[in-house]
Structure formats: structure tokens, C-alpha cells
Amino acid sequence: MVTGGNLTGILLMAFGAPDSPEAVEPFLRKLLGNRPLPEPVLAKIKERYNLIGGKSPLLEITQTQAFKLEEKLKQRGKSCRVYTGMCYWHPFIEEALAQMVEDGINRVLALSLSPHYSRVSTGAYLRQLEAALDRYGGSLQVTRAGDWYDHPLYIQALAEKVGEGLRQFPEDVRAEVPLVFSAHSVPLEHIEGGDPYLEQVEKTASALAETLGEVQWQLAFQSKGAGKGRWLEPEVEKVLEQLRDQGKKNVLLVPLSFVSDHVETLYDMDIALKEYARSLGLNFVRCSTLNDSPAFIEALVQIIEQKLDQEWK
Ligand SMILES: CC1=C(CCC(=O)O)c2cc3nc(cc4[nH]c(cc5[nH]c(cc1n2)c(C)c5CCC(=O)O)c(CCC(=O)O)c4C)C(CCC(=O)O)=C3C
Ligand SMILES: [Fe+2]
């Protein structure tokens, strides 16, 4: 957006993921920092990527979101370029920032695509952004878009996906299908250390339930890591067992904390959790992820417009 000689760029920040089989190991090393990566752990993770085609679709999906967002902003008279920067794999946030400087951008609105703040996601993205700004961001004016885990249009976009998911069940059982809202687990020590992650996930869950109206739902956590210590509970597997014990036949899994498909939806949910649910005799359906759903892109447009209007009138 050009106003008074200013050129504004939007920086979409995401987790990052391997975009080829060769990238799996360096991606994991970047994520783990100085901690060791035992060979069996590496082999297990490589196998998951093999099962979903050797790489993650995260970058492509994020770039499609960026493209559609840019188009929609342009239609609204806000012509700003939208850039994509990742935390743990290319294109890194610091690389995106360097590109923005090269393109003559002088005002940056940085938005995390992880809806719920944790030190492993948004916190780490912002740290990478700060470090890059210190190195070569001299003249850049940077604003954070802030949290949007309870934005009505994001909740609306999720509710649409739940509707689509429910329509995959026969009409006469839909009203009784239990919903399991699933968020990525994180170590409890992060929560105890002050991450608002759980609180924000709970707020998204209750806002979604309120929008949906009469539904049975509960919150659970998936994709617990290999590290030691306790992680958020209950795990999705435990909730599936409880549903089986209650005599339920169906379950709809709703990914709450991911806005794109990647290994944790395509493997952890669609392969591992689906197989587990079926072994319990449950009919398992997963809601699709938001990806480039028009309702989600519209949510991003509004979050950005509100911030632009507030900051840079
Ligand atoms: C909160 C959160 C999000 C949500 C962000 C959002 O809301 O968007 C997220 C997203 C993602 N996590 C991803 C991948 C991985 N995360 C791992 C490990 C971990 N994640 C954690 C947390 C999160 N992770 C944590 C606390 C660990 C342990 C780290 C440690 O020990 O310090 C590991 C290591 C193996 C393992 O531990 O399973 C992998 C391979 C991918 C890429 C998928 C792809 O490639 O398609 C994505 C988008
Ligand atoms: Fe993760």
C-alpha cells in the first residue's frame, strides 16, 4: 500500500516444514536447536513424511493463502505485497524480511499464522523477526498484527468446515455426532512458564461451540512430541476410547490450531488417529483444514485491514 511515500508489506509467518525428503533432517535440526536427534527418531519422522508423499504441503498452501490474500486486499484498494516467512525451514522469516528490504518496503505488518501463541510457534517467529530487524531492518517500521484466536470470522470459517464435516454423516445421526476439537499438544512446562496457549485454545473452542449451537464437543490434544515431561491432556486417543466406552459409533475430529494441512493433519490425524479410531470400532471423519477457504482468507483480510487502519491511517 503506498501512502505518503510509504510502501507497506504484509509478512505472513508460519512454522515451516520440509519441502523435500532431503529437507526433513535439516528442518528437524533447526527445530531442535542444540538438542540431539537420535537416529530412530529421525527414521520414524522420515517415514511419516514418506507416507504423505515425501514432503509437507505447508509451504505451498501458505503461499496460496498469501496470493489470495494479496488479491483480495488489492480488490479492496489496499495494494500491498504479501510475503511468506517460515521459522524452521525456507523461506525463513529473515529471508522474507531481506526480500522486503530489497523490494523497497518500509512498513511491515507481521502476522503469525499460528492462531494460538506458544513459544515454539509465534514466540519463535517473533524472535527470528526481531533478530533479523536488528541485523538489517534499520529503516523498517514493523507492527505485529496481534492475536486473532477469537476473531469472529476465523470462528465462522471453522464453523463452516464443521458443517461440511457433519454432512459426511447420514442425516439422521448428525445431531448426535460427538465433536473432538483437537489442538497441537505442547509441554506443560511451557504453560507453567506463562504461555497463553491453553487459554487461547480454550477460548477458540468455546467460541466455536457457541457458534455451532447444539453440539456435543470436547477439547483434546494431538501430536505430543518425543521429549520428556508431561504434555497437555487429554490426548485425542484417550477421548476416542472414552467415546467408545460410552457406546458412541461416530466421531468428527476438528483441527483447531492448524490453518493448513501438513504432516500433523495428513499423517497424525488422517492415518494414525483414523486407524486408531477404526480399531475401536468408531466411524471417524476429520474436518478439512482451513487452507485457502474463502471464509478464512476473508478473516485474514479483516484482521489486516483493522490493524492497518488503526496503525497507519
Ligand atoms: C504449538 C505447535 C504447533 C502449532 C503451530 C500452529 O498453530 O500453526 C506446531 C506445528 C507444527 N509442528 C510441525 C512439525 C514438528 N513439530 C515437532 C515438535 C514440536 N512441536 C511443538 C509445538 C507445535 N508445533 C512442540 C512443543 C514440539 C516439541 C519441540 C521440542 O522438543 O522442542 C516435531 C519434532 C518431532 C516431534 O516431536 O514430533 C516436528 C516434525 C509442523 C510441520 C509439519 C509438516 O512438516 O508438515 C508444524 C506446522
Ligand atoms: Fe510441532
# chains A, B, ... in the order shown; residues from 1 in each chain; ligands from 1
$ residues_near_ligand --ligand "ligand 2" --cutoff "8 Å" --atoms "only C-alpha atoms and all ligand atoms" --output "JSON list (two decimals) with C-alpha atoms, in the first residue's frame"
[["chain", "number", "residue", "atom", "x", "y", "z"],
["A", 120, "VAL", "CA", 7.59, -22.85, 19.86],
["A", 184, "HIS", "CA", -1.44, -29.50, 18.93],
["A", 223, "SER", "CA", 0.87, -34.89, 18.17],
["A", 225, "GLY", "CA", 6.38, -34.87, 20.94],
["A", 264, "GLU", "CA", 0.12, -33.44, 11.60]]
$ residues_around --residues "Val82 in chain A" --least-positions-apart "6" --cutoff "7 Å" --atoms "only C-alpha atoms" --output "PDB file with N, CA and C atoms, in the first residue's frame"
ATOM      1  N   GLY A   9       4.259  -3.813   3.344  1.00  0.00           N
ATOM      2  CA  GLY A   9       4.242  -5.238   3.013  1.00  0.00           C
ATOM      3  C   GLY A   9       3.671  -6.014   4.181  1.00  0.00           C
ATOM      4  N   ILE A  10       2.960  -7.098   3.856  1.00  0.00           N
ATOM      5  CA  ILE A  10       2.416  -7.968   4.901  1.00  0.00           C
ATOM      6  C   ILE A  10       3.332  -9.184   4.990  1.00  0.00           C
ATOM      7  N   LEU A  11       3.761  -9.524   6.194  1.00  0.00           N
ATOM      8  CA  LEU A  11       4.603 -10.714   6.364  1.00  0.00           C
ATOM      9  C   LEU A  11       3.801 -11.800   7.081  1.00  0.00           C
ATOM     10  N   ALA A  66      -1.189 -16.579   0.812  1.00  0.00           N
ATOM     11  CA  ALA A  66      -0.589 -15.250   0.622  1.00  0.00           C
ATOM     12  C   ALA A  66      -1.069 -14.630  -0.686  1.00  0.00           C
ATOM     13  N   GLU A  70      -3.375 -11.294  -1.049  1.00  0.00           N
ATOM     14  CA  GLU A  70      -2.901 -10.135  -1.795  1.00  0.00           C
ATOM     15  C   GLU A  70      -3.957  -9.684  -2.816  1.00  0.00           C
TER      16      GLU A  70
END
$ residues_around --residues "Arg286 in chain A" --least-positions-apart "3" --cutoff "7 Å" --atoms "only C-alpha atoms" --output "count of residues only"
4
$ residues_around --residues "Ala159 in chain A" --least-positions-apart "6" --cutoff "9 Å" --atoms "only C-alpha atoms" --output "PyMOL selection string"
chain A and resi 208-209+211-212
$ write_last_selection --atoms "C-alpha atoms" --output "CSV table (one decimal), in the first residue's frame"
chain,number,residue,atom,x,y,z
A,208,LEU,CA,-16.7,-22.3,18.1
A,209,ALA,CA,-19.1,-24.4,20.2
A,211,THR,CA,-21.4,-20.6,17.1
A,212,LEU,CA,-22.3,-24.2,16.3
$ select_by_dssp --residues "range 216-294 of chain A" --states "alpha helix (DSSP H)" --output "tab-separated table (two decimals) with C-alpha atoms, in the first residue's frame"
chain	number	residue	atom	x	y	z
A	236	VAL	CA	-7.12	-37.49	21.40
A	237	GLU	CA	-6.60	-41.28	21.73
A	238	LYS	CA	-7.95	-41.23	25.31
A	239	VAL	CA	-11.01	-39.27	24.25
A	240	LEU	CA	-11.67	-41.74	21.43
A	241	GLU	CA	-11.51	-44.58	23.98
A	242	GLN	CA	-13.99	-42.77	26.23
A	243	LEU	CA	-16.38	-42.28	23.32
A	244	ARG	CA	-16.16	-45.98	22.52
A	245	ASP	CA	-16.82	-46.78	26.20
A	263	VAL	CA	2.17	-33.80	8.42
A	274	LYS	CA	-8.08	-42.62	11.93
A	275	GLU	CA	-6.61	-46.11	12.18
A	276	TYR	CA	-6.84	-45.97	15.96
A	277	ALA	CA	-10.47	-44.82	15.88
A	278	ARG	CA	-11.33	-47.61	13.47
A	279	SER	CA	-9.62	-50.18	15.69
A	294	PRO	CA	-12.65	-18.00	1.15
$ residues_near_ligand --ligand "ligand 1" --cutoff "7 Å" --atoms "only C-alpha atoms and all ligand atoms" --output "PyMOL selection string"
chain A and resi 14-18+28+31-32+45+56-58+113-116+118+120-121+184-187+223-227+257-259+262-264
$ write_last_selection --atoms "N, CA and C atoms" --output "compact mmCIF listing (two decimals), in the first residue's frame"
# COMPACT_ATOMS: atom_id res chain seq x y z
N ALA A 14 4.87 -18.48 9.46
CA ALA A 14 4.36 -19.81 9.79
C ALA A 14 5.50 -20.70 10.28
N PHE A 15 5.13 -21.89 10.73
CA PHE A 15 6.06 -22.82 11.37
C PHE A 15 7.19 -23.23 10.44
N GLY A 16 6.82 -23.57 9.20
CA GLY A 16 7.81 -24.09 8.26
C GLY A 16 7.80 -25.60 8.29
N ALA A 17 8.20 -26.21 7.20
CA ALA A 17 8.14 -27.66 7.09
C ALA A 17 9.01 -28.09 5.92
N PRO A 18 9.49 -29.34 5.94
CA PRO A 18 10.35 -29.80 4.85
C PRO A 18 9.61 -29.84 3.51
N LEU A 28 14.46 -30.65 11.07
CA LEU A 28 14.38 -31.11 12.46
C LEU A 28 15.52 -30.55 13.30
N LEU A 31 14.72 -27.10 14.26
CA LEU A 31 13.66 -27.08 15.27
C LEU A 31 14.21 -27.47 16.65
N LEU A 32 15.10 -28.46 16.68
CA LEU A 32 15.60 -28.96 17.96
C LEU A 32 16.75 -28.13 18.51
N ILE A 45 10.30 -40.19 11.90
CA ILE A 45 9.72 -38.97 11.32
C ILE A 45 9.81 -39.00 9.79
N SER A 56 6.12 -31.97 3.03
CA SER A 56 4.93 -31.33 3.59
C SER A 56 4.35 -30.34 2.58
N PRO A 57 3.03 -30.25 2.49
CA PRO A 57 2.44 -29.24 1.59
C PRO A 57 2.35 -27.86 2.23
N LEU A 58 2.89 -27.71 3.45
CA LEU A 58 2.67 -26.46 4.21
C LEU A 58 3.10 -25.20 3.45
N LEU A 113 0.59 -17.01 11.47
CA LEU A 113 -0.50 -17.90 11.03
C LEU A 113 -0.79 -19.00 12.05
N SER A 114 -0.09 -18.99 13.17
CA SER A 114 -0.44 -19.92 14.25
C SER A 114 -1.43 -19.18 15.14
N PRO A 115 -2.67 -19.65 15.21
CA PRO A 115 -3.68 -18.87 15.93
C PRO A 115 -3.42 -18.75 17.43
N HIS A 116 -2.74 -19.74 18.01
CA HIS A 116 -2.57 -19.75 19.46
C HIS A 116 -1.11 -19.57 19.81
N SER A 118 2.37 -19.83 21.29
CA SER A 118 3.26 -20.66 22.12
C SER A 118 4.68 -20.25 21.81
N VAL A 120 7.04 -22.07 20.98
CA VAL A 120 7.59 -22.85 19.86
C VAL A 120 7.09 -22.32 18.52
N SER A 121 5.93 -21.67 18.53
CA SER A 121 5.38 -21.14 17.28
C SER A 121 5.54 -19.61 17.27
N HIS A 184 -2.77 -28.93 18.76
CA HIS A 184 -1.44 -29.50 18.93
C HIS A 184 -1.08 -29.46 20.42
N SER A 185 -0.55 -30.56 20.92
CA SER A 185 -0.12 -30.56 22.32
C SER A 185 1.17 -29.76 22.48
N VAL A 186 1.39 -29.25 23.66
CA VAL A 186 2.68 -28.62 23.99
C VAL A 186 3.07 -29.09 25.39
N PRO A 187 4.37 -29.03 25.73
CA PRO A 187 4.78 -29.46 27.07
C PRO A 187 4.13 -28.57 28.14
N SER A 223 -0.51 -35.09 18.63
CA SER A 223 0.87 -34.89 18.17
C SER A 223 1.84 -34.49 19.27
N LYS A 224 1.67 -35.14 20.43
CA LYS A 224 2.62 -34.96 21.53
C LYS A 224 4.01 -35.33 21.03
N GLY A 225 5.03 -34.59 21.42
CA GLY A 225 6.38 -34.87 20.94
C GLY A 225 7.07 -35.98 21.70
N ALA A 226 8.28 -36.27 21.26
CA ALA A 226 9.03 -37.38 21.84
C ALA A 226 9.72 -36.99 23.15
N GLY A 227 9.83 -35.69 23.38
CA GLY A 227 10.59 -35.22 24.56
C GLY A 227 10.03 -35.71 25.89
N SER A 257 -6.09 -25.91 15.76
CA SER A 257 -4.96 -24.97 15.85
C SER A 257 -4.15 -24.89 14.56
N PHE A 258 -4.58 -25.59 13.52
CA PHE A 258 -3.82 -25.52 12.27
C PHE A 258 -4.65 -24.84 11.21
N VAL A 259 -4.04 -23.96 10.46
CA VAL A 259 -4.78 -23.33 9.37
C VAL A 259 -4.40 -23.92 8.02
N HIS A 262 -0.66 -30.29 6.82
CA HIS A 262 0.76 -30.63 6.91
C HIS A 262 0.82 -32.00 7.55
N VAL A 263 2.02 -32.40 8.00
CA VAL A 263 2.17 -33.80 8.42
C VAL A 263 1.26 -34.13 9.61
N GLU A 264 0.92 -33.14 10.41
CA GLU A 264 0.12 -33.44 11.60
C GLU A 264 -1.37 -33.62 11.29
$ closest_residue --among "A:Gln128, A:Gln156, A:Gln168, A:Asn6" --to "Val108 in chain A" --atoms "only C-alpha atoms"
A:Asn6
$ atom_distance --atom1 "CA of Tyr154 in chain A" --atom2 "CA of Glu189 in chain A"
28.2 Å
$ select_by_dssp --residues "range 246-289 of chain A" --states "strand (DSSP E)" --output "PyMOL selection string"
chain A and resi 250-255+283-286
$ atom_distance --atom1 "CA of Met13 in chain A" --atom2 "CA of Val142 in chain A"
13.5 Å
$ residues_around --residues "Ile271 in chain A" --least-positions-apart "5" --cutoff "10 Å" --atoms "only C-alpha atoms" --output "ChimeraX atom specification"
/A:48,51-52,264-266,276
$ write_last_selection --atoms "N, CA and C atoms" --output "mmCIF file, in the first residue's frame"
data_model
loop_
_atom_site.group_PDB
_atom_site.id
_atom_site.type_symbol
_atom_site.label_atom_id
_atom_site.label_comp_id
_atom_site.auth_asym_id
_atom_site.auth_seq_id
_atom_site.Cartn_x
_atom_site.Cartn_y
_atom_site.Cartn_z
ATOM 1 N N ARG A 48 7.017 -40.927 8.329
ATOM 2 C CA ARG A 48 5.726 -40.222 8.262
ATOM 3 C C ARG A 48 5.663 -39.358 7.015
ATOM 4 N N LEU A 51 5.043 -41.368 3.950
ATOM 5 C CA LEU A 51 3.644 -41.787 3.816
ATOM 6 C C LEU A 51 2.738 -40.682 3.278
ATOM 7 N N ILE A 52 3.197 -39.431 3.352
ATOM 8 C CA ILE A 52 2.360 -38.346 2.804
ATOM 9 C C ILE A 52 2.991 -37.750 1.539
ATOM 10 N N GLU A 264 0.922 -33.136 10.413
ATOM 11 C CA GLU A 264 0.123 -33.443 11.601
ATOM 12 C C GLU A 264 -1.369 -33.624 11.292
ATOM 13 N N THR A 265 -1.821 -33.088 10.172
ATOM 14 C CA THR A 265 -3.198 -33.416 9.752
ATOM 15 C C THR A 265 -3.162 -34.650 8.842
ATOM 16 N N LEU A 266 -2.209 -34.688 7.907
ATOM 17 C CA LEU A 266 -2.210 -35.743 6.886
ATOM 18 C C LEU A 266 -1.693 -37.080 7.400
ATOM 19 N N TYR A 276 -6.553 -45.670 14.570
ATOM 20 C CA TYR A 276 -6.842 -45.974 15.964
ATOM 21 C C TYR A 276 -8.348 -45.940 16.234
#
$ closest_residue --among "A:Asn50, A:Gly163, A:Glu305, A:Ala23" --to "Ser79 in chain A" --atoms "only C-alpha atoms"
A:Glu305
$ atom_distance --atom1 "CA of Leu188 in chain A" --atom2 "CA of Ala43 in chain A"
26.3 Å
$ closest_residue --among "A:Ser182, A:Ser293, A:Gln222, A:Gln99" --to "Ala205 in chain A" --atoms "only C-alpha atoms"
A:Ser182
$ residues_around --residues "Phe296 in chain A" --least-positions-apart "2" --cutoff "10 Å" --atoms "only C-alpha atoms" --output "MDAnalysis selection string"
chainID A and resid 65 69 153:158 160 259 290:294 298:302
$ write_last_selection --atoms "N, CA and C atoms" --output "PDB file, in the first residue's frame"
ATOM      1  N   GLN A  65      -2.318 -19.071   0.274  1.00  0.00           N
ATOM      2  CA  GLN A  65      -3.026 -18.140   1.169  1.00  0.00           C
ATOM      3  C   GLN A  65      -2.516 -16.714   0.939  1.00  0.00           C
ATOM      4  N   LEU A  69      -4.755 -13.648  -0.465  1.00  0.00           N
ATOM      5  CA  LEU A  69      -4.871 -12.504   0.433  1.00  0.00           C
ATOM      6  C   LEU A  69      -4.477 -11.223  -0.303  1.00  0.00           C
ATOM      7  N   LEU A 153     -14.588 -13.996  12.378  1.00  0.00           N
ATOM      8  CA  LEU A 153     -14.545 -14.602  11.040  1.00  0.00           C
ATOM      9  C   LEU A 153     -13.697 -15.877  10.994  1.00  0.00           C
ATOM     10  N   TYR A 154     -12.713 -15.946  11.842  1.00  0.00           N
ATOM     11  CA  TYR A 154     -11.934 -17.202  11.962  1.00  0.00           C
ATOM     12  C   TYR A 154     -12.847 -18.289  12.553  1.00  0.00           C
ATOM     13  N   ILE A 155     -13.601 -17.930  13.573  1.00  0.00           N
ATOM     14  CA  ILE A 155     -14.534 -18.883  14.186  1.00  0.00           C
ATOM     15  C   ILE A 155     -15.585 -19.311  13.151  1.00  0.00           C
ATOM     16  N   GLN A 156     -16.047 -18.330  12.369  1.00  0.00           N
ATOM     17  CA  GLN A 156     -17.027 -18.624  11.325  1.00  0.00           C
ATOM     18  C   GLN A 156     -16.452 -19.584  10.277  1.00  0.00           C
ATOM     19  N   ALA A 157     -15.195 -19.356   9.895  1.00  0.00           N
ATOM     20  CA  ALA A 157     -14.546 -20.216   8.899  1.00  0.00           C
ATOM     21  C   ALA A 157     -14.428 -21.647   9.438  1.00  0.00           C
ATOM     22  N   LEU A 158     -14.101 -21.778  10.728  1.00  0.00           N
ATOM     23  CA  LEU A 158     -14.025 -23.117  11.336  1.00  0.00           C
ATOM     24  C   LEU A 158     -15.415 -23.756  11.360  1.00  0.00           C
ATOM     25  N   GLU A 160     -17.862 -23.365   9.370  1.00  0.00           N
ATOM     26  CA  GLU A 160     -18.213 -23.865   8.024  1.00  0.00           C
ATOM     27  C   GLU A 160     -17.618 -25.243   7.783  1.00  0.00           C
ATOM     28  N   VAL A 259      -4.039 -23.958  10.460  1.00  0.00           N
ATOM     29  CA  VAL A 259      -4.782 -23.325   9.374  1.00  0.00           C
ATOM     30  C   VAL A 259      -4.395 -23.916   8.021  1.00  0.00           C
ATOM     31  N   LEU A 290      -8.504 -25.271   7.154  1.00  0.00           N
ATOM     32  CA  LEU A 290      -8.966 -24.033   6.520  1.00  0.00           C
ATOM     33  C   LEU A 290      -8.294 -23.794   5.159  1.00  0.00           C
ATOM     34  N   ASN A 291      -6.987 -24.049   5.082  1.00  0.00           N
ATOM     35  CA  ASN A 291      -6.232 -23.818   3.834  1.00  0.00           C
ATOM     36  C   ASN A 291      -6.645 -22.502   3.164  1.00  0.00           C
ATOM     37  N   ASP A 292      -7.065 -22.552   1.886  1.00  0.00           N
ATOM     38  CA  ASP A 292      -7.415 -21.277   1.241  1.00  0.00           C
ATOM     39  C   ASP A 292      -8.924 -21.055   1.187  1.00  0.00           C
ATOM     40  N   SER A 293      -9.643 -21.536   2.175  1.00  0.00           N
ATOM     41  CA  SER A 293     -11.094 -21.338   2.197  1.00  0.00           C
ATOM     42  C   SER A 293     -11.400 -19.836   2.139  1.00  0.00           C
ATOM     43  N   PRO A 294     -12.339 -19.434   1.281  1.00  0.00           N
ATOM     44  CA  PRO A 294     -12.649 -18.001   1.148  1.00  0.00           C
ATOM     45  C   PRO A 294     -12.986 -17.358   2.493  1.00  0.00           C
ATOM     46  N   GLU A 298     -10.971 -14.208   4.005  1.00  0.00           N
ATOM     47  CA  GLU A 298     -11.717 -13.010   4.400  1.00  0.00           C
ATOM     48  C   GLU A 298     -11.388 -12.627   5.849  1.00  0.00           C
ATOM     49  N   ALA A 299     -11.250 -13.635   6.708  1.00  0.00           N
ATOM     50  CA  ALA A 299     -10.873 -13.358   8.104  1.00  0.00           C
ATOM     51  C   ALA A 299      -9.518 -12.648   8.140  1.00  0.00           C
ATOM     52  N   LEU A 300      -8.553 -13.174   7.368  1.00  0.00           N
ATOM     53  CA  LEU A 300      -7.218 -12.555   7.352  1.00  0.00           C
ATOM     54  C   LEU A 300      -7.288 -11.128   6.822  1.00  0.00           C
ATOM     55  N   VAL A 301      -8.094 -10.917   5.776  1.00  0.00           N
ATOM     56  CA  VAL A 301      -8.238  -9.571   5.211  1.00  0.00           C
ATOM     57  C   VAL A 301      -8.725  -8.613   6.296  1.00  0.00           C
ATOM     58  N   GLN A 302      -9.724  -9.039   7.037  1.00  0.00           N
ATOM     59  CA  GLN A 302     -10.270  -8.131   8.060  1.00  0.00           C
ATOM     60  C   GLN A 302      -9.302  -7.873   9.205  1.00  0.00           C
TER      61      GLN A 302
END
